[in-house]
Structure formats: C-alpha cells, structure tokens
Amino acid sequence: MAKIIIVGGSLGGLFAANLLHHRGHEVTVLEKVVGSLDGRGAGIVTHPSLMQALTLCGIKTDNNIGVPVDRRVTLDQLGNDIAEMTLPQILTSWSKLYHLLKENLPSHLYLDGKSVKALDQDDNSSTVHCEDGTSYTGDLVIASDGLRSSVRNLLAPDVVPEYAGYVAWRGVCDEHLLSKLSLTTLFETFGFGLPPGEQILGYPVAGSNNNIQPGFRRYNFVWYRKTSDAELIDLLTDADGNYYPQGISPIKVSWRNLAKIRDAARKTLAPQWAELLEKTALVFFQAIYDVYSEKIAFHRIGLMGDASFVARPHVGMGVSKAAEDAMCICDVIDQYGANAEALRAYEKIRLPVGQRVIERARYLGEYMTEQGQEELKKDLPGIAKRVMLETAVDISKQLQEA
Ligand SMILES: Cc1cc2nc3c(=O)[nH]c(=O)nc-3n(C[C@H](O)[C@H](O)[C@H](O)COP(=O)(O)OP(=O)(O)OC[C@H]3O[C@@H](n4cnc5c(N)ncnc54)[C@H](O)[C@@H]3O)c2cc1C
C-alpha cells in the first residue's frame, strides 16, 4: 500500500485523507493551524459528487446532513417575490462536513501545527519540510493547502490569486431572531436579490450543534459587492489601523465598516435581507479571487482543491470539486500505483475540469458587469430566472463532457 503525505487539513485534505485511508493507504495530514478549524466557513450547497465522496469515505449520511429546500425565489428591493422556480437541493454547512470527515479519520493520522515551507522529490519519493524542523516523506505529496497554497507557490510561483473586483459579505443569522415577514417569504427558500451591480443570495443551514429542527436553524447569506482596490485595502484594515493583505479575520473587521455595510443593506436590499444583516452578530467578508492553473501535477507532488483552482463562489462547487479531485486521485493510484504516472493521469482528467469551472464562474460573475446591468434593466424577472437557474447547480457532468 502507498504512503501519501497530505498538506492541508481542511475539507479538501480531509476528503483525500479519508478516501485514501479507506482504501488501505497510509496517510499523514499536515495542517498548519493548531486545534480545530471549526468556526470557519458557513453554508455549502451539496451536489451528488459530494455525497458520493462521503459514501466512498465510509461515512453514512442521512437526513441530518443538511436542510432540504425546494424553491428558489428572487425578491425585489421592496421585498416582493418577482420570480420563483422549483429546484430541490440540500444545503449543509462547512462545520457539519468538517466534523463528519475529521471524526471519521483516526486522529493519529492528522497532525496540526505543521506548516509546510519546503519540498523536495526524486524518482522514488517526495518530502515536505515544516517550519518546526520536521520532515515527512511519502510516495506522493498531495497539496490541498488552499487559495494561497505554499506548495503551489514553490512549484508554480507565477500562478497567483487574481482579485475579481468584488467581495462577498457573509454571515449566518439565527432563525428565531427573524420577523414573520422574513420567515414566511425568504427563510424556507434559496433566495436571491439583484440590486444594481450587486447580488445577494442565501439559504437555510443547520444551527448550533448542527441542529436542523425548525426554530433552531440559521440563514446563510452571501452578498457580492463591487469593491475597488483602495476600498479593499480599507476593508482589510482593522479598527486599530493594522492591515491584513492576505485576508482579515472575521473578528477583526472594523466596526466602522460593519456600520457602513449595514447602512448600505438598509438602503439597497429588500427588508428581509436588511434584517438578516442587522441581526447577524458576526458579519464578515471574503475578497473574491480566481486562481487558474496550467499544471497540477509536478512529478510526485499534486495540487488539489483550492490549491489547484479557485472559482468564484457563484458556481457553489468548491467543496464538491475538492471531493471530485480527491476521488480522482484515489482512482489513478488504484490504476497506476502511487507514482508520477498516476499524477499525470490525474492532471489529464482534472486540469480541464478545473479550467472550465473557472470559466463558468467568470461567466456567472458577468451579471455584475456594466453589460449585465444593461440586460437587467430590460428584463429583471427574466434575468432573475436565469441567475436562479444557473447559480450553484450541479454541472459536474457537463464539465466532464465539455
Ligand atoms: C464566499 C464563499 C462561498 C463559498 N460557497 C461554497 C459553496 O456553497 N459550496 C462549495 O462547495 N464551496 C464553496 N466555497 C468554496 C469552498 O469553501 C472551498 O473551495 C473548499 O473549502 C476547498 O477547500 P480546500 O480544502 O481546498 O482549501 P481550504 O479550505 O482553503 O484549506 C486549506 C488548508 O490548508 C492549510 N494550510 C495552508 N498553508 C499550509 C501550509 N503551508 N502547511 C500546512 N497547511 C497549510 C490551511 O490552514 C487550511 O486549513 C465558497 C467560498 C467562498 C469564498
């Protein structure tokens, strides 16, 4: 059986570790953060490949995996329903998936506080070196170390995250805090709002302790807003003047910027969305980036998940793509053994898929451009239907066949 070193212990790394361990391989996960990662992330749209990967990890999923939603609606700025459609989906949460995957993996295989800083490889093995002076050698190294992947940086330094020109304001609001209006017109749906040049969407997710009982759930929202480079610098600066160019922690976002965003919500969004922004204790934002790779296999080291590609979240498939990458890595190792040939086969299959996901996500982001806005003025309900039909739906088959 093979020995595989996995860099990054978030959802991508955990999928790879669980799948490989389940097939009898020896895995070691190296995660730089000490302690649990829980508390990061919010809602995740599930797709069939995500459920398939969980099953292949030996994880039994039941109705508790998430909150089922049947309908999508778009609210105009006054809060009226202007377009709707039936589209059943299950909405889970980052935290639920993290716990399922982490608890399914024997704890001695997951090492935290291990920040990978250097790599080397030869014809027979690959090795990572960590900040704390330890090194780990395997037949293969699989890097799932995210948007700012250190491994990608060492192997393909030209591939850098490209800012898309907008940020996503995010948060989750407790169900029991919401008014009857928001509960009856928005809460049970995958909701959308399309104010000029912006987009907001949301859906119900499990509440604390992954509770999906009515009354205990939360509503997860993602509000995309154009943000200039100068405005982004201001957002990435905390109330004490400290600037965090790589991303600011949710608890550090300046109270002045939070006041501004809540004010903007009152002025530009439907009352249901504005209420969510008011009543969510921890509103935070993520700048939206594209990462587009030309190569994801480097002899005995492979990139997967957000380390290989980051698509704008309109496609809602970052976790599903990471799960698909992990399943593909397992399959090619079964077929070729844990060697460079297997990773070449992985690249042949997954590189074009990743590139198409980026293109698709850019297309969905076009709605927020000038041209998209012109179309919107002509036919708001028509555009609303298109946005609802195309956002965060399962497109894995089309991506593989394209
Ligand atoms: C606004 C927004 C909404 C989203 N919505 C969805 C959605 O609805 N559905 C969906 O599927 N996806 C969604 N995503 C995307 C999704 O969160 C990611 O694509 C997915 O989590 C892939 O994770 P990953 O494990 O590859 O990387 P990450 O989750 O970024 O994890 C990387 C891990 O590597 C660790 N690490 C980094 N450097 C090192 C190092 N040098 N050594 C060791 N460890 C290291 C980090 O600490 C981290 O734990 C969304 C993203 C955003 C921004």
# chains A, B, ... in the order shown; residues from 1 in each chain; ligands from 1

call {"tool": "residues_near_ligand", "arguments": {"ligand": "ligand 1", "cutoff": "7 Å", "atoms": "only C-alpha atoms and all ligand atoms", "output": "PyMOL selection string"}}
result
chain A and resi 7-13+30-33+37+41+43-46+114-117+144-151+168+170+222+286+288+304-307+310+313+316-320+322+392

call {"tool": "residues_around", "arguments": {"residues": "Gly58 (chain A)", "least_positions_apart": "6", "cutoff": "12 Å", "atoms": "only C-alpha atoms", "output": "list of chain:residue names"}}
result
A:Phe15, A:Asn18, A:Leu19, A:Leu20, A:His21, A:His22, A:Arg23, A:Met51, A:Gln52, A:Leu100, A:Leu101, A:Glu103, A:Asn104, A:Leu105

call {"tool": "write_last_selection", "arguments": {"atoms": "all heavy atoms", "output": "short mmCIF file (atom, residue, chain, number, x, y, z; two decimals), in the first residue's frame"}}
result
data_model
loop_
_atom_site.label_atom_id
_atom_site.label_comp_id
_atom_site.auth_asym_id
_atom_site.auth_seq_id
_atom_site.Cartn_x
_atom_site.Cartn_y
_atom_site.Cartn_z
N PHE A 15 -11.01 15.10 2.70
CA PHE A 15 -11.59 14.17 1.71
C PHE A 15 -10.52 13.22 1.19
O PHE A 15 -10.71 12.01 1.15
CB PHE A 15 -12.23 14.92 0.54
CG PHE A 15 -13.71 15.13 0.70
CD1 PHE A 15 -14.24 16.39 0.79
CD2 PHE A 15 -14.58 14.04 0.78
CE1 PHE A 15 -15.61 16.59 0.97
CE2 PHE A 15 -15.94 14.22 0.95
CZ PHE A 15 -16.45 15.50 1.04
N ASN A 18 -9.39 10.72 3.99
CA ASN A 18 -10.39 9.69 4.29
C ASN A 18 -10.50 8.67 3.17
O ASN A 18 -10.57 7.47 3.41
CB ASN A 18 -11.75 10.34 4.52
CG ASN A 18 -11.96 10.75 5.96
OD1 ASN A 18 -12.21 9.92 6.82
ND2 ASN A 18 -11.82 12.04 6.23
N LEU A 19 -10.53 9.17 1.93
CA LEU A 19 -10.69 8.24 0.80
C LEU A 19 -9.50 7.30 0.69
O LEU A 19 -9.65 6.09 0.51
CB LEU A 19 -10.85 9.03 -0.51
CG LEU A 19 -12.19 9.76 -0.69
CD1 LEU A 19 -12.11 10.78 -1.81
CD2 LEU A 19 -13.30 8.74 -0.98
N LEU A 20 -8.29 7.87 0.82
CA LEU A 20 -7.08 7.04 0.69
C LEU A 20 -6.97 6.07 1.86
O LEU A 20 -6.63 4.90 1.68
CB LEU A 20 -5.84 7.94 0.61
CG LEU A 20 -5.70 8.73 -0.70
CD1 LEU A 20 -4.74 9.91 -0.54
CD2 LEU A 20 -5.22 7.80 -1.83
N HIS A 21 -7.27 6.54 3.05
CA HIS A 21 -7.21 5.67 4.24
C HIS A 21 -8.23 4.52 4.09
O HIS A 21 -7.92 3.35 4.38
CB HIS A 21 -7.51 6.50 5.49
CG HIS A 21 -7.62 5.68 6.73
ND1 HIS A 21 -6.54 5.04 7.30
CD2 HIS A 21 -8.69 5.37 7.50
CE1 HIS A 21 -6.94 4.39 8.38
NE2 HIS A 21 -8.24 4.57 8.52
N HIS A 22 -9.41 4.87 3.60
CA HIS A 22 -10.46 3.86 3.43
C HIS A 22 -10.04 2.77 2.45
O HIS A 22 -10.46 1.64 2.55
CB HIS A 22 -11.74 4.56 2.95
CG HIS A 22 -12.97 3.76 3.19
ND1 HIS A 22 -13.44 3.46 4.45
CD2 HIS A 22 -13.84 3.15 2.33
CE1 HIS A 22 -14.53 2.73 4.37
NE2 HIS A 22 -14.79 2.53 3.09
N ARG A 23 -9.19 3.15 1.50
CA ARG A 23 -8.71 2.14 0.52
C ARG A 23 -7.43 1.44 0.99
O ARG A 23 -6.78 0.74 0.22
CB ARG A 23 -8.47 2.80 -0.83
CG ARG A 23 -9.78 3.22 -1.45
CD ARG A 23 -9.69 3.39 -2.94
NE ARG A 23 -10.85 4.15 -3.38
CZ ARG A 23 -11.05 4.56 -4.61
NH1 ARG A 23 -10.15 4.28 -5.54
NH2 ARG A 23 -12.13 5.23 -4.94
N MET A 51 -21.86 13.93 -2.12
CA MET A 51 -22.48 12.82 -1.37
C MET A 51 -21.79 11.50 -1.72
O MET A 51 -21.56 10.65 -0.85
CB MET A 51 -23.98 12.72 -1.70
CG MET A 51 -24.74 14.02 -1.54
SD MET A 51 -24.52 14.78 0.07
CE MET A 51 -25.74 13.95 0.99
N GLN A 52 -21.43 11.36 -3.00
CA GLN A 52 -20.74 10.13 -3.43
C GLN A 52 -19.39 9.99 -2.70
O GLN A 52 -19.03 8.92 -2.22
CB GLN A 52 -20.51 10.20 -4.94
CG GLN A 52 -19.90 8.95 -5.52
CD GLN A 52 -19.35 9.17 -6.93
OE1 GLN A 52 -19.48 10.25 -7.51
NE2 GLN A 52 -18.75 8.14 -7.49
N LEU A 100 -17.85 15.53 10.21
CA LEU A 100 -18.02 14.17 9.66
C LEU A 100 -16.68 13.61 9.20
O LEU A 100 -16.32 12.47 9.51
CB LEU A 100 -18.98 14.20 8.46
CG LEU A 100 -20.47 14.32 8.75
CD1 LEU A 100 -21.24 14.46 7.44
CD2 LEU A 100 -20.97 13.10 9.52
N LEU A 101 -15.92 14.43 8.46
CA LEU A 101 -14.67 13.95 7.87
C LEU A 101 -13.57 13.81 8.91
O LEU A 101 -12.82 12.84 8.90
CB LEU A 101 -14.22 14.92 6.76
CG LEU A 101 -15.08 14.92 5.49
CD1 LEU A 101 -14.82 16.15 4.66
CD2 LEU A 101 -14.83 13.65 4.66
N GLU A 103 -13.89 13.34 12.19
CA GLU A 103 -14.14 12.27 13.16
C GLU A 103 -14.04 10.88 12.52
O GLU A 103 -13.84 9.89 13.21
CB GLU A 103 -15.52 12.48 13.81
CG GLU A 103 -15.42 13.54 14.91
CD GLU A 103 -16.70 14.32 15.14
OE1 GLU A 103 -17.79 13.77 14.86
OE2 GLU A 103 -16.60 15.49 15.58
N ASN A 104 -14.15 10.82 11.21
CA ASN A 104 -14.05 9.52 10.53
C ASN A 104 -12.59 9.08 10.33
O ASN A 104 -12.33 7.94 10.03
CB ASN A 104 -14.73 9.65 9.16
CG ASN A 104 -15.01 8.32 8.51
OD1 ASN A 104 -15.65 7.45 9.12
ND2 ASN A 104 -14.53 8.12 7.29
N LEU A 105 -11.66 10.02 10.51
CA LEU A 105 -10.24 9.72 10.27
C LEU A 105 -9.56 9.46 11.62
O LEU A 105 -9.67 10.29 12.53
CB LEU A 105 -9.59 10.93 9.58
CG LEU A 105 -8.17 10.74 9.07
CD1 LEU A 105 -8.16 9.84 7.84
CD2 LEU A 105 -7.53 12.09 8.73
#

call {"tool": "closest_residue", "arguments": {"among": "A:Tyr336, A:Glu374, A:Pro381, A:Pro161", "to": "Arg312 (chain A)", "atoms": "only C-alpha atoms"}}
result
A:Pro161

call {"tool": "residues_around", "arguments": {"residues": "region 273-277 of chain A", "least_positions_apart": "4", "cutoff": "8 Å", "atoms": "only C-alpha atoms", "output": "MDAnalysis selection string"}}
result
chainID A and resid 171 173 178 182 262 265:266 269 283

call {"tool": "select_by_dssp", "arguments": {"residues": "region 130-333 of chain A", "states": "alpha helix (DSSP H)", "output": "PyMOL selection string"}}
result
chain A and resi 150-155+180-182+229-235+255-268+271-279+318-333

call {"tool": "residues_around", "arguments": {"residues": "Pro196 (chain A)", "least_positions_apart": "6", "cutoff": "12 Å", "atoms": "only C-alpha atoms", "output": "PyMOL selection string"}}
result
chain A and resi 76-77+224-226+268-269+367-377+380

call {"tool": "closest_residue", "arguments": {"among": "A:Ser93, A:Ile233, A:His299, A:Glu131", "to": "Leu343 (chain A)", "atoms": "only C-alpha atoms"}}
result
A:His299

call {"tool": "residues_around", "arguments": {"residues": "Ala230 (chain A)", "least_positions_apart": "5", "cutoff": "12 Å", "atoms": "only C-alpha atoms", "output": "compact mmCIF listing (two decimals) with N, CA, C and O atoms, in the first residue's frame"}}
result
# COMPACT_ATOMS: atom_id res chain seq x y z
N GLY A 165 -12.44 41.91 -8.24
CA GLY A 165 -13.04 43.25 -8.22
C GLY A 165 -14.26 43.34 -7.31
O GLY A 165 -14.92 44.38 -7.26
N TYR A 166 -14.58 42.28 -6.62
CA TYR A 166 -15.69 42.36 -5.67
C TYR A 166 -15.46 41.45 -4.48
O TYR A 166 -14.60 40.57 -4.51
N LEU A 235 -11.03 47.81 3.81
CA LEU A 235 -11.76 46.70 4.46
C LEU A 235 -10.81 45.73 5.17
O LEU A 235 -11.16 45.12 6.18
N LEU A 236 -9.61 45.61 4.60
CA LEU A 236 -8.64 44.67 5.18
C LEU A 236 -7.85 45.29 6.35
O LEU A 236 -6.88 44.71 6.83
N THR A 237 -8.26 46.49 6.74
CA THR A 237 -7.58 47.18 7.85
C THR A 237 -8.51 47.21 9.06
O THR A 237 -9.67 47.59 8.95
N PRO A 245 -3.13 42.07 4.40
CA PRO A 245 -3.28 41.91 2.95
C PRO A 245 -3.75 40.52 2.52
O PRO A 245 -4.39 40.37 1.49
